[in-house]
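Asks: I'd like to ask some things about the structure below.
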Amino acid sequence: MTARASQRDPVRDAMSAGGVVYRRSDDRIEVVLVARPSQQLWALPKGTPEPGESVEATAIREVGEETGLEVRVEREIGSIHYWYAVPEERVRVRKVVHHFLMTATGGDVGRHDHEYDVVEWMDIQEAMARMSYQNERSIVERAEALIRERSA
Ligand code: ATP
């Protein structure tokens, strides 16, 4: 019998960190998305901390591994929250993901790890159209405002 999620399952807290890596020329802003096209999943790179690692260090490492880029943090963007069930473990996960605005200092998206099938720079509007999760789209919207503010 397959396990079913229940509102009575205990809650586990989880945290991840990731970011919006951007580059710009004149008015055009491009950002990096990671994807599994067969699952129609387009998302921001992110991942979970190693023991003792700071939130910012986690974001730099996870974004680096998943995109193949060496990145530095410009500033925080904000956090998103969501819930999901893991019926096999009989838990409901309450997750927070912290996002940072980042630029690439080296590397290449061709060198990404195997977590995702596709890693791509794309126009920020195209990225928002493709993204799977509305809460991540809001993070990219906020990133765009911060980038335009910075260069105003
Ligand atoms: P991480 O990349 O942080 O190691 P993971 O791959 O283990 O995480 P998530 O990406 O958080 O796990 O996915 C766990 C569940 O949450 C999946 O069912 C996924 O569809 C859903 N999920 C992922 N991102 C979001 C989001 N931004 N909003 C709502 N649900 C999401």
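Going through the structure tokens in order, the chains are called A, B, and so on, while each chain numbers its residues from 1 and the ligands are numbered from 1 in the order shown.
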Report as CSV: every residue of chain A with an atom at most 8 Å from ligand 1, its closest pair of atoms, and their distance in Å to one decimal, counting only C-alpha atoms and all ligand atoms, with rows sorted by chain and ascending residue number.
Replies:
```
residue,atom,partner,partner_atom_place_in_ligand_line,distance
A:Met15,CA,ligand 1,3 (O),7.1
A:Ser16,CA,ligand 1,3 (O),4.7
A:Ala17,CA,ligand 1,3 (O),7.1
A:Ala43,CA,ligand 1,24 (N),7.8
A:Pro45,CA,ligand 1,2 (O),7.2
A:Lys46,CA,ligand 1,2 (O),5.0
A:Gly47,CA,ligand 1,3 (O),3.8
A:Thr48,CA,ligand 1,4 (O),5.0
A:Ile80,CA,ligand 1,27 (N),7.1
A:His81,CA,ligand 1,28 (N),7.2
A:Tyr82,CA,ligand 1,29 (C),5.1
A:Trp83,CA,ligand 1,30 (N),6.6
A:Tyr84,CA,ligand 1,16 (O),5.3
A:Ala85,CA,ligand 1,18 (O),7.5
A:Lys95,CA,ligand 1,11 (O),7.0
A:Val97,CA,ligand 1,3 (O),7.4
A:Ser132,CA,ligand 1,27 (N),7.8
A:Tyr133,CA,ligand 1,27 (N),5.0
A:Gln134,CA,ligand 1,27 (N),7.1
A:Asn135,CA,ligand 1,27 (N),5.6
A:Glu136,CA,ligand 1,27 (N),5.5
```
Asks: Skip stretch 139-148 of chain A itself and residues of its chain fewer than 5 positions away, then list as a VMD selection string all residues within 9 Å of it, counting only C-alpha atoms.
Replies: chain A and resid 19 to 20 22 27 29 31 44 77 to 80 99 to 101 124 127 to 128 134
Asks: Create the file for the chosen residues now, containing all heavy atoms and written as a tab-separated table (two decimals), in the first residue's frame.
Replies:
```tsv
chain	number	residue	atom	x	y	z
A	19	GLY	N	20.22	31.32	-5.23
A	19	GLY	CA	20.34	32.69	-5.71
A	19	GLY	C	19.95	32.93	-7.14
A	19	GLY	O	19.68	32.01	-7.91
A	20	VAL	N	19.93	34.23	-7.43
A	20	VAL	CA	19.70	34.73	-8.79
A	20	VAL	C	21.05	35.25	-9.27
A	20	VAL	O	21.55	36.26	-8.77
A	20	VAL	CB	18.66	35.87	-8.79
A	20	VAL	CG1	18.48	36.41	-10.21
A	20	VAL	CG2	17.34	35.40	-8.20
A	22	TYR	N	23.08	37.03	-12.12
A	22	TYR	CA	22.70	37.89	-13.25
A	22	TYR	C	23.92	38.48	-13.93
A	22	TYR	O	25.02	38.55	-13.37
A	22	TYR	CB	21.74	38.99	-12.80
A	22	TYR	CG	22.42	40.18	-12.15
A	22	TYR	CD1	22.76	41.31	-12.89
A	22	TYR	CD2	22.74	40.17	-10.78
A	22	TYR	CE1	23.39	42.39	-12.30
A	22	TYR	CE2	23.36	41.25	-10.20
A	22	TYR	CZ	23.69	42.37	-10.96
A	22	TYR	OH	24.32	43.44	-10.38
A	27	ASP	N	20.45	47.68	-21.31
A	27	ASP	CA	19.17	47.50	-20.62
A	27	ASP	C	18.81	46.04	-20.43
A	27	ASP	O	17.84	45.71	-19.76
A	27	ASP	CB	18.07	48.18	-21.45
A	27	ASP	CG	17.39	49.24	-20.63
A	27	ASP	OD1	17.97	49.65	-19.59
A	27	ASP	OD2	16.27	49.64	-20.99
A	29	ILE	N	18.97	42.32	-19.10
A	29	ILE	CA	19.43	41.54	-17.94
A	29	ILE	C	19.21	40.07	-18.23
A	29	ILE	O	18.13	39.68	-18.69
A	29	ILE	CB	18.66	41.92	-16.66
A	29	ILE	CG1	18.84	43.40	-16.33
A	29	ILE	CG2	19.10	41.05	-15.48
A	29	ILE	CD1	17.91	43.90	-15.21
A	31	VAL	N	19.60	36.06	-16.50
A	31	VAL	CA	19.77	35.30	-15.26
A	31	VAL	C	19.94	33.82	-15.60
A	31	VAL	O	19.65	33.40	-16.73
A	31	VAL	CB	18.57	35.48	-14.30
A	31	VAL	CG1	18.43	36.93	-13.88
A	31	VAL	CG2	17.28	34.97	-14.91
A	44	LEU	N	15.30	28.24	-9.76
A	44	LEU	CA	16.55	28.85	-9.32
A	44	LEU	C	17.43	27.79	-8.67
A	44	LEU	O	16.91	26.88	-8.01
A	44	LEU	CB	16.25	29.96	-8.29
A	44	LEU	CG	15.49	31.16	-8.82
A	44	LEU	CD1	15.08	32.09	-7.68
A	44	LEU	CD2	16.32	31.92	-9.86
A	77	ILE	N	18.28	38.90	-1.30
A	77	ILE	CA	17.03	39.29	-1.99
A	77	ILE	C	15.85	39.10	-1.05
A	77	ILE	O	15.04	40.00	-0.86
A	77	ILE	CB	16.81	38.47	-3.28
A	77	ILE	CG1	17.98	38.61	-4.23
A	77	ILE	CG2	15.51	38.94	-3.96
A	77	ILE	CD1	17.91	37.68	-5.43
A	78	GLY	N	15.76	37.91	-0.46
A	78	GLY	CA	14.63	37.61	0.42
A	78	GLY	C	14.46	36.11	0.53
A	78	GLY	O	15.26	35.34	-0.01
A	79	SER	N	13.38	35.71	1.22
A	79	SER	CA	13.17	34.28	1.46
A	79	SER	C	11.78	33.87	1.01
A	79	SER	O	10.86	34.68	1.01
A	79	SER	CB	13.28	33.99	2.96
A	79	SER	OG	14.51	34.47	3.44
A	80	ILE	N	11.65	32.60	0.65
A	80	ILE	CA	10.32	32.05	0.36
A	80	ILE	C	10.06	30.89	1.32
A	80	ILE	O	11.01	30.28	1.85
A	80	ILE	CB	10.18	31.58	-1.10
A	80	ILE	CG1	11.19	30.48	-1.44
A	80	ILE	CG2	10.32	32.76	-2.06
A	80	ILE	CD1	11.00	29.87	-2.82
A	99	HIS	N	17.35	33.54	-0.62
A	99	HIS	CA	17.93	33.82	-1.94
A	99	HIS	C	18.82	35.05	-1.91
A	99	HIS	O	18.50	36.05	-1.28
A	99	HIS	CB	16.83	34.03	-2.96
A	99	HIS	CG	16.09	32.77	-3.30
A	99	HIS	ND1	16.60	31.80	-4.12
A	99	HIS	CD2	14.89	32.31	-2.90
A	99	HIS	CE1	15.74	30.81	-4.22
A	99	HIS	NE2	14.69	31.08	-3.48
A	100	PHE	N	19.91	34.97	-2.67
A	100	PHE	CA	20.88	36.06	-2.76
A	100	PHE	C	21.03	36.52	-4.21
A	100	PHE	O	20.92	35.70	-5.14
A	100	PHE	CB	22.26	35.60	-2.25
A	100	PHE	CG	22.26	35.27	-0.79
A	100	PHE	CD1	21.90	34.00	-0.34
A	100	PHE	CD2	22.60	36.24	0.15
A	100	PHE	CE1	21.88	33.70	1.02
A	100	PHE	CE2	22.59	35.93	1.51
A	100	PHE	CZ	22.23	34.67	1.95
A	101	LEU	N	21.31	37.81	-4.37
A	101	LEU	CA	21.62	38.35	-5.70
A	101	LEU	C	23.11	38.13	-5.93
A	101	LEU	O	23.94	38.49	-5.09
A	101	LEU	CB	21.29	39.85	-5.72
A	101	LEU	CG	21.37	40.54	-7.08
A	101	LEU	CD1	20.39	39.93	-8.07
A	101	LEU	CD2	21.10	42.03	-6.92
A	124	ILE	N	15.79	37.89	-18.53
A	124	ILE	CA	15.06	37.81	-17.25
A	124	ILE	C	13.55	37.66	-17.46
A	124	ILE	O	12.88	36.96	-16.68
A	124	ILE	CB	15.43	39.01	-16.35
A	124	ILE	CG1	14.99	38.76	-14.90
A	124	ILE	CG2	14.90	40.33	-16.89
A	124	ILE	CD1	15.62	39.67	-13.87
A	127	ALA	N	12.97	34.09	-18.39
A	127	ALA	CA	13.12	33.26	-17.19
A	127	ALA	C	11.83	33.27	-16.37
A	127	ALA	O	11.33	32.21	-15.97
A	127	ALA	CB	14.30	33.77	-16.35
A	128	MET	N	11.26	34.46	-16.19
A	128	MET	CA	10.04	34.54	-15.38
A	128	MET	C	8.87	33.81	-16.06
A	128	MET	O	8.03	33.22	-15.40
A	128	MET	CB	9.71	35.99	-15.06
A	128	MET	CG	10.62	36.53	-13.98
A	128	MET	SD	10.10	38.11	-13.32
A	128	MET	CE	10.98	39.22	-14.38
A	134	GLN	N	5.66	30.19	-8.57
A	134	GLN	CA	5.34	31.62	-8.46
A	134	GLN	C	6.19	32.31	-7.38
A	134	GLN	O	6.61	33.45	-7.56
A	134	GLN	CB	3.83	31.79	-8.15
A	134	GLN	CG	3.38	33.22	-7.98
A	134	GLN	CD	3.72	34.12	-9.18
A	134	GLN	OE1	3.64	33.69	-10.34
A	134	GLN	NE2	4.14	35.35	-8.90
```
Asks: For atom CA of A:Glu76 and atom CA of A:Met122, determine how far apart the two atoms are, in Å to one decimal place.
Replies: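 According to the coordinates, atom CA of A:Glu76 and atom CA of A:Met122 are separated by 21.3 Å.
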Asks: Just list the residues in chain A DSSP gives strand (DSSP E) on the backbone, as a PyMOL selection string.
Replies: chain A and resi 11-25+28-36+41-43+46-47+69-86+91-107+118-123
Asks: Restrict the selected residues to C-alpha atoms and save them as a PDB file, in the first residue's frame.
Replies:
```
ATOM      1  CA  VAL A  11       6.361  18.715  11.010  1.00  0.00           C
ATOM      2  CA  ARG A  12      10.037  18.846  10.073  1.00  0.00           C
ATOM      3  CA  ASP A  13      11.762  22.171   9.400  1.00  0.00           C
ATOM      4  CA  ALA A  14      14.116  22.422   6.420  1.00  0.00           C
ATOM      5  CA  MET A  15      16.266  25.222   5.086  1.00  0.00           C
ATOM      6  CA  SER A  16      18.013  25.814   1.761  1.00  0.00           C
ATOM      7  CA  ALA A  17      19.869  28.703   0.180  1.00  0.00           C
ATOM      8  CA  GLY A  18      20.309  29.752  -3.414  1.00  0.00           C
ATOM      9  CA  GLY A  19      20.343  32.686  -5.710  1.00  0.00           C
ATOM     10  CA  VAL A  20      19.703  34.725  -8.785  1.00  0.00           C
ATOM     11  CA  VAL A  21      22.924  34.981 -10.805  1.00  0.00           C
ATOM     12  CA  TYR A  22      22.705  37.886 -13.252  1.00  0.00           C
ATOM     13  CA  ARG A  23      24.657  39.711 -15.919  1.00  0.00           C
ATOM     14  CA  ARG A  24      23.668  42.815 -17.833  1.00  0.00           C
ATOM     15  CA  SER A  25      24.584  44.742 -20.916  1.00  0.00           C
ATOM     16  CA  ARG A  28      19.248  43.732 -21.050  1.00  0.00           C
ATOM     17  CA  ILE A  29      19.433  41.538 -17.938  1.00  0.00           C
ATOM     18  CA  GLU A  30      20.088  37.811 -18.123  1.00  0.00           C
ATOM     19  CA  VAL A  31      19.770  35.301 -15.259  1.00  0.00           C
ATOM     20  CA  VAL A  32      20.622  31.620 -14.833  1.00  0.00           C
ATOM     21  CA  LEU A  33      17.941  28.943 -14.458  1.00  0.00           C
ATOM     22  CA  VAL A  34      18.387  25.223 -13.834  1.00  0.00           C
ATOM     23  CA  ALA A  35      15.978  22.771 -15.429  1.00  0.00           C
ATOM     24  CA  ARG A  36      14.701  19.264 -15.896  1.00  0.00           C
ATOM     25  CA  LEU A  41      10.859  22.060 -14.047  1.00  0.00           C
ATOM     26  CA  TRP A  42      12.594  25.448 -14.397  1.00  0.00           C
ATOM     27  CA  ALA A  43      13.918  26.874 -11.165  1.00  0.00           C
ATOM     28  CA  LYS A  46      19.637  26.153  -4.422  1.00  0.00           C
ATOM     29  CA  GLY A  47      20.505  23.501  -1.869  1.00  0.00           C
ATOM     30  CA  LEU A  69      29.775  29.158 -12.261  1.00  0.00           C
ATOM     31  CA  GLU A  70      31.992  30.725  -9.628  1.00  0.00           C
ATOM     32  CA  VAL A  71      29.788  33.301  -7.945  1.00  0.00           C
ATOM     33  CA  ARG A  72      29.930  36.145  -5.464  1.00  0.00           C
ATOM     34  CA  VAL A  73      27.085  37.598  -3.427  1.00  0.00           C
ATOM     35  CA  GLU A  74      25.998  41.214  -3.968  1.00  0.00           C
ATOM     36  CA  ARG A  75      23.221  41.243  -1.414  1.00  0.00           C
ATOM     37  CA  GLU A  76      20.261  39.349  -0.002  1.00  0.00           C
ATOM     38  CA  ILE A  77      17.035  39.292  -1.987  1.00  0.00           C
ATOM     39  CA  GLY A  78      14.625  37.609   0.418  1.00  0.00           C
ATOM     40  CA  SER A  79      13.165  34.282   1.461  1.00  0.00           C
ATOM     41  CA  ILE A  80      10.318  32.050   0.362  1.00  0.00           C
ATOM     42  CA  HIS A  81       8.385  29.484   2.403  1.00  0.00           C
ATOM     43  CA  TYR A  82       6.508  26.385   1.324  1.00  0.00           C
ATOM     44  CA  TRP A  83       5.221  23.071   2.623  1.00  0.00           C
ATOM     45  CA  TYR A  84       5.447  19.588   1.162  1.00  0.00           C
ATOM     46  CA  ALA A  85       4.652  16.108   2.376  1.00  0.00           C
ATOM     47  CA  VAL A  86       6.972  13.097   2.529  1.00  0.00           C
ATOM     48  CA  VAL A  91       6.342  13.964   7.859  1.00  0.00           C
ATOM     49  CA  ARG A  92       5.234  17.320   6.535  1.00  0.00           C
ATOM     50  CA  VAL A  93       8.152  19.573   5.704  1.00  0.00           C
ATOM     51  CA  ARG A  94       8.019  23.316   6.373  1.00  0.00           C
ATOM     52  CA  LYS A  95      10.775  24.760   4.223  1.00  0.00           C
ATOM     53  CA  VAL A  96      12.416  28.167   3.989  1.00  0.00           C
ATOM     54  CA  VAL A  97      14.733  29.078   1.101  1.00  0.00           C
ATOM     55  CA  HIS A  98      16.973  32.169   1.347  1.00  0.00           C
ATOM     56  CA  HIS A  99      17.928  33.819  -1.937  1.00  0.00           C
ATOM     57  CA  PHE A 100      20.884  36.064  -2.763  1.00  0.00           C
ATOM     58  CA  LEU A 101      21.622  38.353  -5.697  1.00  0.00           C
ATOM     59  CA  MET A 102      24.834  37.087  -7.319  1.00  0.00           C
ATOM     60  CA  THR A 103      27.238  37.744 -10.162  1.00  0.00           C
ATOM     61  CA  ALA A 104      29.575  35.260 -11.854  1.00  0.00           C
ATOM     62  CA  THR A 105      33.308  35.735 -11.388  1.00  0.00           C
ATOM     63  CA  GLY A 106      34.332  32.709 -13.471  1.00  0.00           C
ATOM     64  CA  GLY A 107      33.336  29.203 -14.477  1.00  0.00           C
ATOM     65  CA  VAL A 118      19.970  21.946 -18.376  1.00  0.00           C
ATOM     66  CA  VAL A 119      21.552  25.144 -17.041  1.00  0.00           C
ATOM     67  CA  GLU A 120      20.979  28.265 -19.089  1.00  0.00           C
ATOM     68  CA  TRP A 121      21.517  32.003 -19.151  1.00  0.00           C
ATOM     69  CA  MET A 122      18.367  33.653 -20.435  1.00  0.00           C
ATOM     70  CA  ASP A 123      16.661  37.002 -20.624  1.00  0.00           C
TER      71      ASP A 123
END
```
Asks: As a ChimeraX atom specification, please: every residue in chain A that a backbone DSSP assignment puts in helix (DSSP H, G or I).
Replies: /A:37-39,55-67,87-89,109-111,124-130,134-150
